[in-house]
Amino acid sequence: QVQLVESGGGLVQAGGSLRLSCVFSGHTFSMYAMGWFRQAPGKEREYVGCINFSGTSTDYADSVKGRFTVSRDNAKNTVYLQMTSLKPEDTAIYYCAADMSYGRVNSRLRKLSEYDYWGQGTQVTVST
């Protein structure tokens, strides 16, 4: 059974940086595209970014493009979300998700329904 465990969340001031990690276990990590999503209080879960199975293709939501970077280390079964220039509106619970797929990322990976497995989330709070 695939398991995803996020870590790295916390409290940071606006303009600061955080790096989230998500450790994958239970299957072959390199067979999966990985996505990051977030959910703020009272709002629906939304797409943040994703990376393909090999790490050669990424995609981002417009709201984070240029500030956030998704990367992965297949030797460590880990996907990362590097967040810089954080804003109060980035405050949310951040989730990683896994989808067994190959090829480059595409618009399909922006949809929650495409992902087979989800982590439990990690809280990110950005103060003013």
# chains A, B, ... in the order shown; residues from 1 in each chain; ligands from 1
$ residues_around --residues "Arg45 in chain A" --least-positions-apart "2" --cutoff "10 Å" --atoms "only C-alpha atoms" --output "list of chain:residue names"
A:Phe37, A:Arg38, A:Gln39, A:Ala40, A:Pro41, A:Gly42, A:Lys43, A:Tyr47, A:Val48, A:Ala92, A:Ile93, A:Tyr94, A:Tyr95, A:Leu112
$ write_last_selection --atoms "C-alpha atoms" --output "PDB file, in the first residue's frame"
ATOM      1  CA  PHE A  37      -2.062  20.744  -3.486  1.00  0.00           C
ATOM      2  CA  ARG A  38      -3.161  23.037  -0.691  1.00  0.00           C
ATOM      3  CA  GLN A  39      -6.310  23.817   1.233  1.00  0.00           C
ATOM      4  CA  ALA A  40      -6.928  27.022   3.146  1.00  0.00           C
ATOM      5  CA  PRO A  41      -9.600  27.271   5.855  1.00  0.00           C
ATOM      6  CA  GLY A  42     -13.053  27.437   4.326  1.00  0.00           C
ATOM      7  CA  LYS A  43     -11.761  26.906   0.802  1.00  0.00           C
ATOM      8  CA  TYR A  47      -3.578  22.653  -7.255  1.00  0.00           C
ATOM      9  CA  VAL A  48      -0.083  24.026  -6.591  1.00  0.00           C
ATOM     10  CA  ALA A  92      -2.870  26.425   4.030  1.00  0.00           C
ATOM     11  CA  ILE A  93      -2.463  22.739   4.668  1.00  0.00           C
ATOM     12  CA  TYR A  94      -0.216  21.369   1.935  1.00  0.00           C
ATOM     13  CA  TYR A  95      -0.729  17.879   0.573  1.00  0.00           C
ATOM     14  CA  LEU A 112      -7.453  16.234  -7.742  1.00  0.00           C
TER      15      LEU A 112
END
$ atom_distance --atom1 "CA of Thr128 in chain A" --atom2 "CA of Val12 in chain A"
9.0 Å
$ residues_around --residues "Gln13 in chain A" --least-positions-apart "4" --cutoff "9 Å" --atoms "only C-alpha atoms" --output "ChimeraX atom specification"
/A:17,86-88,125-128
$ residues_around --residues "Arg19 in chain A" --least-positions-apart "4" --cutoff "8 Å" --atoms "only C-alpha atoms" --output "number ranges by chain"
A: 8-9, 80-83
$ write_last_selection --atoms "N, CA and C atoms" --output "compact mmCIF listing (two decimals), in the first residue's frame"
# COMPACT_ATOMS: atom_id res chain seq x y z
N GLY A 8 7.92 19.43 7.07
CA GLY A 8 8.58 20.68 6.73
C GLY A 8 7.73 21.92 6.89
N GLY A 9 6.46 21.73 7.21
CA GLY A 9 5.60 22.88 7.41
C GLY A 9 5.96 23.64 8.68
N TYR A 80 9.85 17.25 -3.29
CA TYR A 80 10.01 18.47 -2.52
C TYR A 80 9.17 19.60 -3.11
N LEU A 81 8.81 20.52 -2.23
CA LEU A 81 8.20 21.77 -2.67
C LEU A 81 8.96 22.90 -2.00
N GLN A 82 9.80 23.58 -2.78
CA GLN A 82 10.55 24.72 -2.29
C GLN A 82 9.68 25.96 -2.48
N MET A 83 9.41 26.66 -1.39
CA MET A 83 8.54 27.83 -1.44
C MET A 83 9.34 29.06 -1.04
$ closest_residue --among "A:Ser21, A:Thr122, A:Ser71, A:Ser113" --to "Gly49 in chain A" --atoms "only C-alpha atoms"
A:Ser71
$ residues_around --residues "Val2 in chain A" --least-positions-apart "3" --cutoff "12 Å" --atoms "only C-alpha atoms" --output "PDB file with N, CA, C and O atoms, in the first residue's frame"
ATOM      1  N   VAL A   5       4.071  10.739   3.276  1.00  0.00           N
ATOM      2  CA  VAL A   5       4.206  11.461   4.540  1.00  0.00           C
ATOM      3  C   VAL A   5       4.894  12.795   4.278  1.00  0.00           C
ATOM      4  O   VAL A   5       6.071  12.827   3.907  1.00  0.00           O
ATOM      5  N   VAL A  23       7.707  11.944   1.620  1.00  0.00           N
ATOM      6  CA  VAL A  23       8.360  10.657   1.451  1.00  0.00           C
ATOM      7  C   VAL A  23       7.336   9.614   1.013  1.00  0.00           C
ATOM      8  O   VAL A  23       6.278   9.465   1.645  1.00  0.00           O
ATOM      9  N   PHE A  24       7.679   8.905  -0.034  1.00  0.00           N
ATOM     10  CA  PHE A  24       6.811   7.899  -0.654  1.00  0.00           C
ATOM     11  C   PHE A  24       7.296   6.510  -0.256  1.00  0.00           C
ATOM     12  O   PHE A  24       8.499   6.241  -0.259  1.00  0.00           O
ATOM     13  N   SER A  25       6.363   5.607   0.036  1.00  0.00           N
ATOM     14  CA  SER A  25       6.726   4.227   0.323  1.00  0.00           C
ATOM     15  C   SER A  25       5.615   3.293  -0.143  1.00  0.00           C
ATOM     16  O   SER A  25       4.487   3.715  -0.374  1.00  0.00           O
ATOM     17  N   GLY A  26       5.956   2.019  -0.308  1.00  0.00           N
ATOM     18  CA  GLY A  26       4.968   1.007  -0.627  1.00  0.00           C
ATOM     19  C   GLY A  26       4.889   0.591  -2.074  1.00  0.00           C
ATOM     20  O   GLY A  26       4.142  -0.319  -2.422  1.00  0.00           O
ATOM     21  N   HIS A  27       5.650   1.266  -2.930  1.00  0.00           N
ATOM     22  CA  HIS A  27       5.660   0.907  -4.349  1.00  0.00           C
ATOM     23  C   HIS A  27       6.882   1.537  -4.976  1.00  0.00           C
ATOM     24  O   HIS A  27       7.730   2.093  -4.279  1.00  0.00           O
ATOM     25  N   THR A  28       6.988   1.458  -6.306  1.00  0.00           N
ATOM     26  CA  THR A  28       8.134   2.018  -7.010  1.00  0.00           C
ATOM     27  C   THR A  28       7.891   3.498  -7.297  1.00  0.00           C
ATOM     28  O   THR A  28       7.074   3.847  -8.154  1.00  0.00           O
ATOM     29  N   PHE A  29       8.616   4.342  -6.582  1.00  0.00           N
ATOM     30  CA  PHE A  29       8.387   5.779  -6.635  1.00  0.00           C
ATOM     31  C   PHE A  29       8.511   6.324  -8.059  1.00  0.00           C
ATOM     32  O   PHE A  29       7.741   7.195  -8.484  1.00  0.00           O
ATOM     33  N   MET A  31       7.660   5.315 -10.777  1.00  0.00           N
ATOM     34  CA  MET A  31       6.526   5.035 -11.655  1.00  0.00           C
ATOM     35  C   MET A  31       5.420   6.081 -11.511  1.00  0.00           C
ATOM     36  O   MET A  31       4.404   6.015 -12.213  1.00  0.00           O
ATOM     37  N   TYR A  32       5.615   7.039 -10.594  1.00  0.00           N
ATOM     38  CA  TYR A  32       4.545   7.962 -10.246  1.00  0.00           C
ATOM     39  C   TYR A  32       4.898   9.407 -10.550  1.00  0.00           C
ATOM     40  O   TYR A  32       5.999   9.871 -10.219  1.00  0.00           O
ATOM     41  N   ASN A  77      13.192   8.466  -2.765  1.00  0.00           N
ATOM     42  CA  ASN A  77      11.724   8.331  -2.752  1.00  0.00           C
ATOM     43  C   ASN A  77      11.041   9.571  -2.180  1.00  0.00           C
ATOM     44  O   ASN A  77      10.050   9.471  -1.430  1.00  0.00           O
ATOM     45  N   ALA A  97       0.522  14.240  -3.450  1.00  0.00           N
ATOM     46  CA  ALA A  97      -0.318  13.197  -4.021  1.00  0.00           C
ATOM     47  C   ALA A  97       0.449  12.469  -5.118  1.00  0.00           C
ATOM     48  O   ALA A  97       1.352  13.046  -5.741  1.00  0.00           O
ATOM     49  N   ALA A  98       0.090  11.217  -5.352  1.00  0.00           N
ATOM     50  CA  ALA A  98       0.789  10.373  -6.318  1.00  0.00           C
ATOM     51  C   ALA A  98      -0.165   9.829  -7.369  1.00  0.00           C
ATOM     52  O   ALA A  98      -1.280   9.409  -7.052  1.00  0.00           O
ATOM     53  N   ASP A  99       0.298   9.851  -8.618  1.00  0.00           N
ATOM     54  CA  ASP A  99      -0.462   9.327  -9.746  1.00  0.00           C
ATOM     55  C   ASP A  99       0.452   8.456 -10.595  1.00  0.00           C
ATOM     56  O   ASP A  99       1.467   8.941 -11.109  1.00  0.00           O
ATOM     57  N   MET A 100       0.094   7.188 -10.770  1.00  0.00           N
ATOM     58  CA  MET A 100       0.932   6.295 -11.570  1.00  0.00           C
ATOM     59  C   MET A 100       0.795   6.688 -13.039  1.00  0.00           C
ATOM     60  O   MET A 100      -0.227   6.423 -13.685  1.00  0.00           O
ATOM     61  N   TYR A 115      -5.333  11.727  -9.006  1.00  0.00           N
ATOM     62  CA  TYR A 115      -4.350  11.171  -8.087  1.00  0.00           C
ATOM     63  C   TYR A 115      -4.924  10.005  -7.291  1.00  0.00           C
ATOM     64  O   TYR A 115      -6.062  10.049  -6.827  1.00  0.00           O
ATOM     65  N   ASP A 116      -4.091   8.990  -7.136  1.00  0.00           N
ATOM     66  CA  ASP A 116      -4.520   7.751  -6.489  1.00  0.00           C
ATOM     67  C   ASP A 116      -4.268   7.756  -4.985  1.00  0.00           C
ATOM     68  O   ASP A 116      -4.980   7.084  -4.229  1.00  0.00           O
ATOM     69  N   TYR A 117      -3.226   8.456  -4.566  1.00  0.00           N
ATOM     70  CA  TYR A 117      -2.825   8.418  -3.171  1.00  0.00           C
ATOM     71  C   TYR A 117      -2.528   9.830  -2.671  1.00  0.00           C
ATOM     72  O   TYR A 117      -2.005  10.656  -3.433  1.00  0.00           O
ATOM     73  N   TRP A 118      -2.812  10.031  -1.378  1.00  0.00           N
ATOM     74  CA  TRP A 118      -2.643  11.340  -0.750  1.00  0.00           C
ATOM     75  C   TRP A 118      -1.964  11.208   0.598  1.00  0.00           C
ATOM     76  O   TRP A 118      -2.166  10.218   1.315  1.00  0.00           O
ATOM     77  N   GLY A 119      -1.167  12.230   0.934  1.00  0.00           N
ATOM     78  CA  GLY A 119      -0.615  12.304   2.263  1.00  0.00           C
ATOM     79  C   GLY A 119      -1.600  12.950   3.232  1.00  0.00           C
ATOM     80  O   GLY A 119      -2.701  13.354   2.849  1.00  0.00           O
TER      81      GLY A 119
END
$ residues_around --residues "Phe53 in chain A" --least-positions-apart "3" --cutoff "8 Å" --atoms "only C-alpha atoms" --output "list in words"
Phe29, Ser30, Met31, Tyr32, Ala33, Met34, Thr56, Ser101, Tyr102 and Gly103 of chain A
$ write_last_selection --atoms "N, CA, C and O atoms" --output "mmCIF file, in the first residue's frame"
data_model
loop_
_atom_site.group_PDB
_atom_site.id
_atom_site.type_symbol
_atom_site.label_atom_id
_atom_site.label_comp_id
_atom_site.auth_asym_id
_atom_site.auth_seq_id
_atom_site.Cartn_x
_atom_site.Cartn_y
_atom_site.Cartn_z
ATOM 1 N N PHE A 29 8.616 4.342 -6.582
ATOM 2 C CA PHE A 29 8.387 5.779 -6.635
ATOM 3 C C PHE A 29 8.511 6.324 -8.059
ATOM 4 O O PHE A 29 7.741 7.195 -8.484
ATOM 5 N N SER A 30 9.487 5.820 -8.805
ATOM 6 C CA SER A 30 9.763 6.355 -10.139
ATOM 7 C C SER A 30 8.679 6.028 -11.171
ATOM 8 O O SER A 30 8.785 6.433 -12.325
ATOM 9 N N MET A 31 7.660 5.315 -10.777
ATOM 10 C CA MET A 31 6.526 5.035 -11.655
ATOM 11 C C MET A 31 5.420 6.081 -11.511
ATOM 12 O O MET A 31 4.404 6.015 -12.213
ATOM 13 N N TYR A 32 5.615 7.039 -10.594
ATOM 14 C CA TYR A 32 4.545 7.962 -10.246
ATOM 15 C C TYR A 32 4.898 9.407 -10.550
ATOM 16 O O TYR A 32 5.999 9.871 -10.219
ATOM 17 N N ALA A 33 3.935 10.120 -11.133
ATOM 18 C CA ALA A 33 3.989 11.573 -11.126
ATOM 19 C C ALA A 33 3.517 12.024 -9.747
ATOM 20 O O ALA A 33 2.695 11.356 -9.115
ATOM 21 N N MET A 34 4.043 13.172 -9.304
ATOM 22 C CA MET A 34 3.714 13.666 -7.973
ATOM 23 C C MET A 34 3.164 15.087 -8.054
ATOM 24 O O MET A 34 3.680 15.913 -8.810
ATOM 25 N N THR A 56 11.769 15.443 -15.123
ATOM 26 C CA THR A 56 12.177 16.257 -16.269
ATOM 27 C C THR A 56 11.112 17.238 -16.734
ATOM 28 O O THR A 56 11.357 18.031 -17.643
ATOM 29 N N SER A 101 1.827 7.365 -13.552
ATOM 30 C CA SER A 101 1.773 7.803 -14.947
ATOM 31 C C SER A 101 3.174 8.117 -15.445
ATOM 32 O O SER A 101 4.067 8.414 -14.645
ATOM 33 N N TYR A 102 3.324 8.078 -16.781
ATOM 34 C CA TYR A 102 4.590 8.389 -17.435
ATOM 35 C C TYR A 102 4.416 9.576 -18.368
ATOM 36 O O TYR A 102 3.312 10.088 -18.549
ATOM 37 N N GLY A 103 5.521 9.998 -18.956
ATOM 38 C CA GLY A 103 5.461 11.096 -19.908
ATOM 39 C C GLY A 103 5.599 12.439 -19.225
ATOM 40 O O GLY A 103 5.814 12.538 -18.016
#
$ select_by_dssp --residues "chain A" --states "helix (DSSP H, G or I)" --output "list in words"
Phe29, Ser30, Met31, Pro88, Glu89, Asp90, Ser107, Arg108, Leu109, Arg110, Leu112, Ser113 and Glu114 of chain A
$ write_last_selection --atoms "N, CA and C atoms" --output "CSV table (one decimal), in the first residue's frame"
chain,number,residue,atom,x,y,z
A,29,PHE,N,8.6,4.3,-6.6
A,29,PHE,CA,8.4,5.8,-6.6
A,29,PHE,C,8.5,6.3,-8.1
A,30,SER,N,9.5,5.8,-8.8
A,30,SER,CA,9.8,6.4,-10.1
A,30,SER,C,8.7,6.0,-11.2
A,31,MET,N,7.7,5.3,-10.8
A,31,MET,CA,6.5,5.0,-11.7
A,31,MET,C,5.4,6.1,-11.5
A,88,PRO,N,1.0,35.8,2.9
A,88,PRO,CA,-0.1,35.4,3.9
A,88,PRO,C,-1.1,34.5,3.2
A,89,GLU,N,-1.4,34.8,1.9
A,89,GLU,CA,-2.4,34.0,1.2
A,89,GLU,C,-1.9,32.6,0.8
A,90,ASP,N,-0.6,32.3,1.1
A,90,ASP,CA,-0.1,30.9,0.9
A,90,ASP,C,-0.4,30.0,2.1
A,107,SER,N,-2.2,18.9,-18.4
A,107,SER,CA,-3.3,19.5,-17.7
A,107,SER,C,-4.1,18.5,-16.8
A,108,ARG,N,-4.0,17.3,-17.2
A,108,ARG,CA,-4.7,16.2,-16.4
A,108,ARG,C,-4.2,16.2,-14.9
A,109,LEU,N,-2.9,16.5,-14.8
A,109,LEU,CA,-2.3,16.4,-13.4
A,109,LEU,C,-2.7,17.6,-12.6
A,110,ARG,N,-3.4,18.5,-13.1
A,110,ARG,CA,-3.9,19.6,-12.2
A,110,ARG,C,-5.2,19.3,-11.5
A,112,LEU,N,-7.5,17.1,-8.9
A,112,LEU,CA,-7.5,16.2,-7.7
A,112,LEU,C,-7.8,14.8,-8.1
A,113,SER,N,-8.8,14.6,-8.9
A,113,SER,CA,-9.4,13.3,-9.2
A,113,SER,C,-8.4,12.4,-9.9
A,114,GLU,N,-7.3,12.9,-10.5
A,114,GLU,CA,-6.3,12.1,-11.2
A,114,GLU,C,-5.4,11.3,-10.2
$ closest_residue --among "A:Gly16, A:Lys111, A:Val79, A:Gln120" --to "Ala61 in chain A" --atoms "only C-alpha atoms"
A:Lys111
$ atom_distance --atom1 "CA of Ser85 in chain A" --atom2 "CA of Ser57 in chain A"
22.7 Å
$ closest_residue --among "A:Ala14, A:Asn106, A:Gly121, A:Leu20" --to "Thr69 in chain A" --atoms "only C-alpha atoms"
A:Leu20
